[in-house]
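Comments concern the structure below.
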Amino acid sequence: VQLQASGGGSVQAGGSLRLSCAVSGIIFSINYMGWYRQAPGKERELVARINSGGSTNYLNSVKGRFTISRDNAKNSVYLQMNALKPEDTAVYFCYVRRSSTSTDYWGQGTLVTVSS
């Protein structure tokens, strides 16, 4: 399974970005798709995830600002980020989980920088 993330960049506080992640390879039994982030000197944290049924989970600090979605036909997951804050600055990683083996697959990170 390969994941290719894109869409990071630099924005000012209050701005928006949309991250995309395309998944390829053997993708059977992929249940969860989502995004983690890691800021300098901090632990990696789950930002949002969506399961195959469309149920979502969000980090409390991004609720109401970020929206995760997936396009199963395109094997892709997206993260729309609005009202960005400097504390959202981090490297964002997309991931998917193969439910049959509880295996996580990761994409390369994409840097999001929010300036005040």
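Here, A, B, ... name the chains of the structure tokens in the order displayed, residue numbers run from 1 inside each chain, and ligands are numbered from 1 in the same displayed order.
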(message) Taking only chain A into account, list the residues labelled strand (DSSP E or B) by DSSP (computed from the backbone), as an MDAnalysis selection string.
(response) chainID A and resid 2:6 9:12 17:24 30:38 45:50 56:58 66:71 76:81 90:98 103:106 110:115
(message) Set the distance at 6 Å and use only C-alpha atoms: which residues neighbour segment 44-49 of chain A once local chain neighbours fewer than 5 positions away are removed? I'd like the list as a list in words.
(response) Met33, Gly34, Trp35, Tyr36, Arg37, Gln38, Thr56, Asn57, Tyr58 and Leu59 of chain A
Those residues you just picked out, can you put them in a file as a compact mmCIF listing (two decimals), in the first residue's frame with N, CA, C and O atoms?
# COMPACT_ATOMS: atom_id res chain seq x y z
N MET A 33 -9.21 5.69 7.38
CA MET A 33 -8.31 6.60 6.67
C MET A 33 -8.27 7.87 7.50
O MET A 33 -9.28 8.27 8.09
N GLY A 34 -7.09 8.49 7.57
CA GLY A 34 -7.05 9.68 8.40
C GLY A 34 -5.75 10.43 8.33
O GLY A 34 -4.91 10.17 7.47
N TRP A 35 -5.63 11.35 9.28
CA TRP A 35 -4.48 12.25 9.33
C TRP A 35 -3.96 12.37 10.76
O TRP A 35 -4.75 12.56 11.68
N TYR A 36 -2.66 12.27 10.88
CA TYR A 36 -1.97 12.59 12.11
C TYR A 36 -1.15 13.85 11.84
O TYR A 36 -0.94 14.24 10.69
N ARG A 37 -0.67 14.47 12.89
CA ARG A 37 0.29 15.56 12.74
C ARG A 37 1.32 15.50 13.86
O ARG A 37 1.07 14.95 14.93
N GLN A 38 2.46 16.09 13.55
CA GLN A 38 3.53 16.15 14.53
C GLN A 38 4.19 17.51 14.46
O GLN A 38 4.77 17.86 13.41
N THR A 56 -16.77 9.74 11.64
CA THR A 56 -15.56 10.53 11.80
C THR A 56 -15.22 10.75 13.27
O THR A 56 -16.09 10.73 14.15
N ASN A 57 -13.94 10.97 13.51
CA ASN A 57 -13.44 11.37 14.81
C ASN A 57 -12.47 12.52 14.60
O ASN A 57 -11.70 12.50 13.63
N TYR A 58 -12.49 13.48 15.51
CA TYR A 58 -11.62 14.65 15.40
C TYR A 58 -10.92 14.93 16.72
O TYR A 58 -11.47 14.72 17.81
N LEU A 59 -9.72 15.45 16.60
CA LEU A 59 -9.03 16.03 17.73
C LEU A 59 -9.87 17.21 18.23
O LEU A 59 -10.38 17.99 17.42
(request) Pick out the closest residue to Leu19 of chain A from this set: A:Met81, A:Ala73, A:Ala39, A:Val1. Count only C-alpha atoms. (result) A:Met81
(request) Using DSSP on the backbone coordinates, identify the residues of chain A assigned to helix (DSSP H, G or I); present them as a PyMOL selection string. (result) chain A and resi 60-62+86-88
Could the residues in this selection be saved with C-alpha atoms as a PDB file, in the first residue's frame?
ATOM      1  CA  ASN A  60     -10.904  18.385  20.071  1.00  0.00           C
ATOM      2  CA  SER A  61      -8.836  21.386  19.097  1.00  0.00           C
ATOM      3  CA  VAL A  62      -9.775  21.095  15.407  1.00  0.00           C
ATOM      4  CA  PRO A  86      -0.360  29.004  14.430  1.00  0.00           C
ATOM      5  CA  GLU A  87      -0.696  26.005  16.733  1.00  0.00           C
ATOM      6  CA  ASP A  88      -1.823  23.944  13.736  1.00  0.00           C
TER       7      ASP A  88
END
(message) From the options A:Arg97, A:Gly54, A:Gln80, A:Ala90, which residue's atoms come nearest to Val112 of chain A, counting only C-alpha atoms?
(response)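 Closest to Val112 of chain A, using only C-alpha atoms: A:Ala90.
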(request) Tell me which protein, DNA and RNA residues are within 6 Å of segment 22-29 of chain A, counting only C-alpha atoms, leaving out same-chain ones fewer than 5 positions away, and put them as a count of residues only. (result) 8
(message) Given only C-alpha atoms as the basis, pick out the residue of A:Arg18, A:Gly7, A:Ala83, A:Val77 nearest to Thr110 of chain A.
(response) A:Gly7
Long-range neighbours of Gly15 of chain A as a PDB file with N, CA, C and O atoms, in the first residue's frame, 10 Å cut-off, only C-alpha atoms, 5 positions minimum in chain:
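Below is the file that was written, around08.pdb:
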ATOM      1  N   SER A  10       2.187  27.199   3.314  1.00  0.00           N
ATOM      2  CA  SER A  10       2.241  28.248   4.317  1.00  0.00           C
ATOM      3  C   SER A  10       1.066  29.185   4.140  1.00  0.00           C
ATOM      4  O   SER A  10       0.795  29.635   3.020  1.00  0.00           O
ATOM      5  N   MET A  81      -8.984  22.215   5.979  1.00  0.00           N
ATOM      6  CA  MET A  81      -8.595  22.921   7.199  1.00  0.00           C
ATOM      7  C   MET A  81      -8.924  24.397   7.042  1.00  0.00           C
ATOM      8  O   MET A  81      -8.351  25.073   6.174  1.00  0.00           O
ATOM      9  N   ASN A  82      -9.843  24.870   7.852  1.00  0.00           N
ATOM     10  CA  ASN A  82     -10.244  26.278   7.833  1.00  0.00           C
ATOM     11  C   ASN A  82      -9.879  26.947   9.143  1.00  0.00           C
ATOM     12  O   ASN A  82      -9.603  26.283  10.144  1.00  0.00           O
ATOM     13  N   ALA A  83      -9.895  28.242   9.138  1.00  0.00           N
ATOM     14  CA  ALA A  83      -9.602  29.022  10.352  1.00  0.00           C
ATOM     15  C   ALA A  83      -8.325  28.527  11.010  1.00  0.00           C
ATOM     16  O   ALA A  83      -8.280  28.308  12.226  1.00  0.00           O
ATOM     17  N   LEU A  84      -7.297  28.368  10.217  1.00  0.00           N
ATOM     18  CA  LEU A  84      -6.043  27.818  10.726  1.00  0.00           C
ATOM     19  C   LEU A  84      -5.419  28.732  11.759  1.00  0.00           C
ATOM     20  O   LEU A  84      -5.518  29.973  11.673  1.00  0.00           O
ATOM     21  N   LYS A  85      -4.770  28.096  12.729  1.00  0.00           N
ATOM     22  CA  LYS A  85      -4.107  28.809  13.815  1.00  0.00           C
ATOM     23  C   LYS A  85      -2.623  28.466  13.806  1.00  0.00           C
ATOM     24  O   LYS A  85      -2.240  27.384  13.326  1.00  0.00           O
ATOM     25  N   VAL A 114       1.530  27.818   9.708  1.00  0.00           N
ATOM     26  CA  VAL A 114       0.547  28.889   9.883  1.00  0.00           C
ATOM     27  C   VAL A 114       1.221  30.028  10.640  1.00  0.00           C
ATOM     28  O   VAL A 114       1.680  29.850  11.769  1.00  0.00           O
ATOM     29  N   SER A 115       1.277  31.176  10.033  1.00  0.00           N
ATOM     30  CA  SER A 115       1.924  32.328  10.650  1.00  0.00           C
ATOM     31  C   SER A 115       0.879  33.273  11.247  1.00  0.00           C
ATOM     32  O   SER A 115      -0.241  33.383  10.744  1.00  0.00           O
TER      33      SER A 115
END
(request) Counting only C-alpha atoms, figure out which residue out of A:Val91, A:Ser100, A:Arg65, A:Asn51 gets nearest to Thr113 of chain A. (result)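 For Thr113 of chain A, the nearest of the given residues is A:Val91.
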(request) Can you work out the spacing between atom CA of Asp104 of chain A and atom CA of Ser16 of chain A in Å, to one decimal? (result)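 Atom CA of Ser16 of chain A lies at a distance of 27.7 Å from atom CA of Asp104 of chain A.
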(message) For a quick check of understanding, using only C-alpha atoms, which of A:Thr67, A:Thr89, A:Ser102, A:Ser20 has the smallest distance to Ser6 of chain A?
(response) A:Ser20
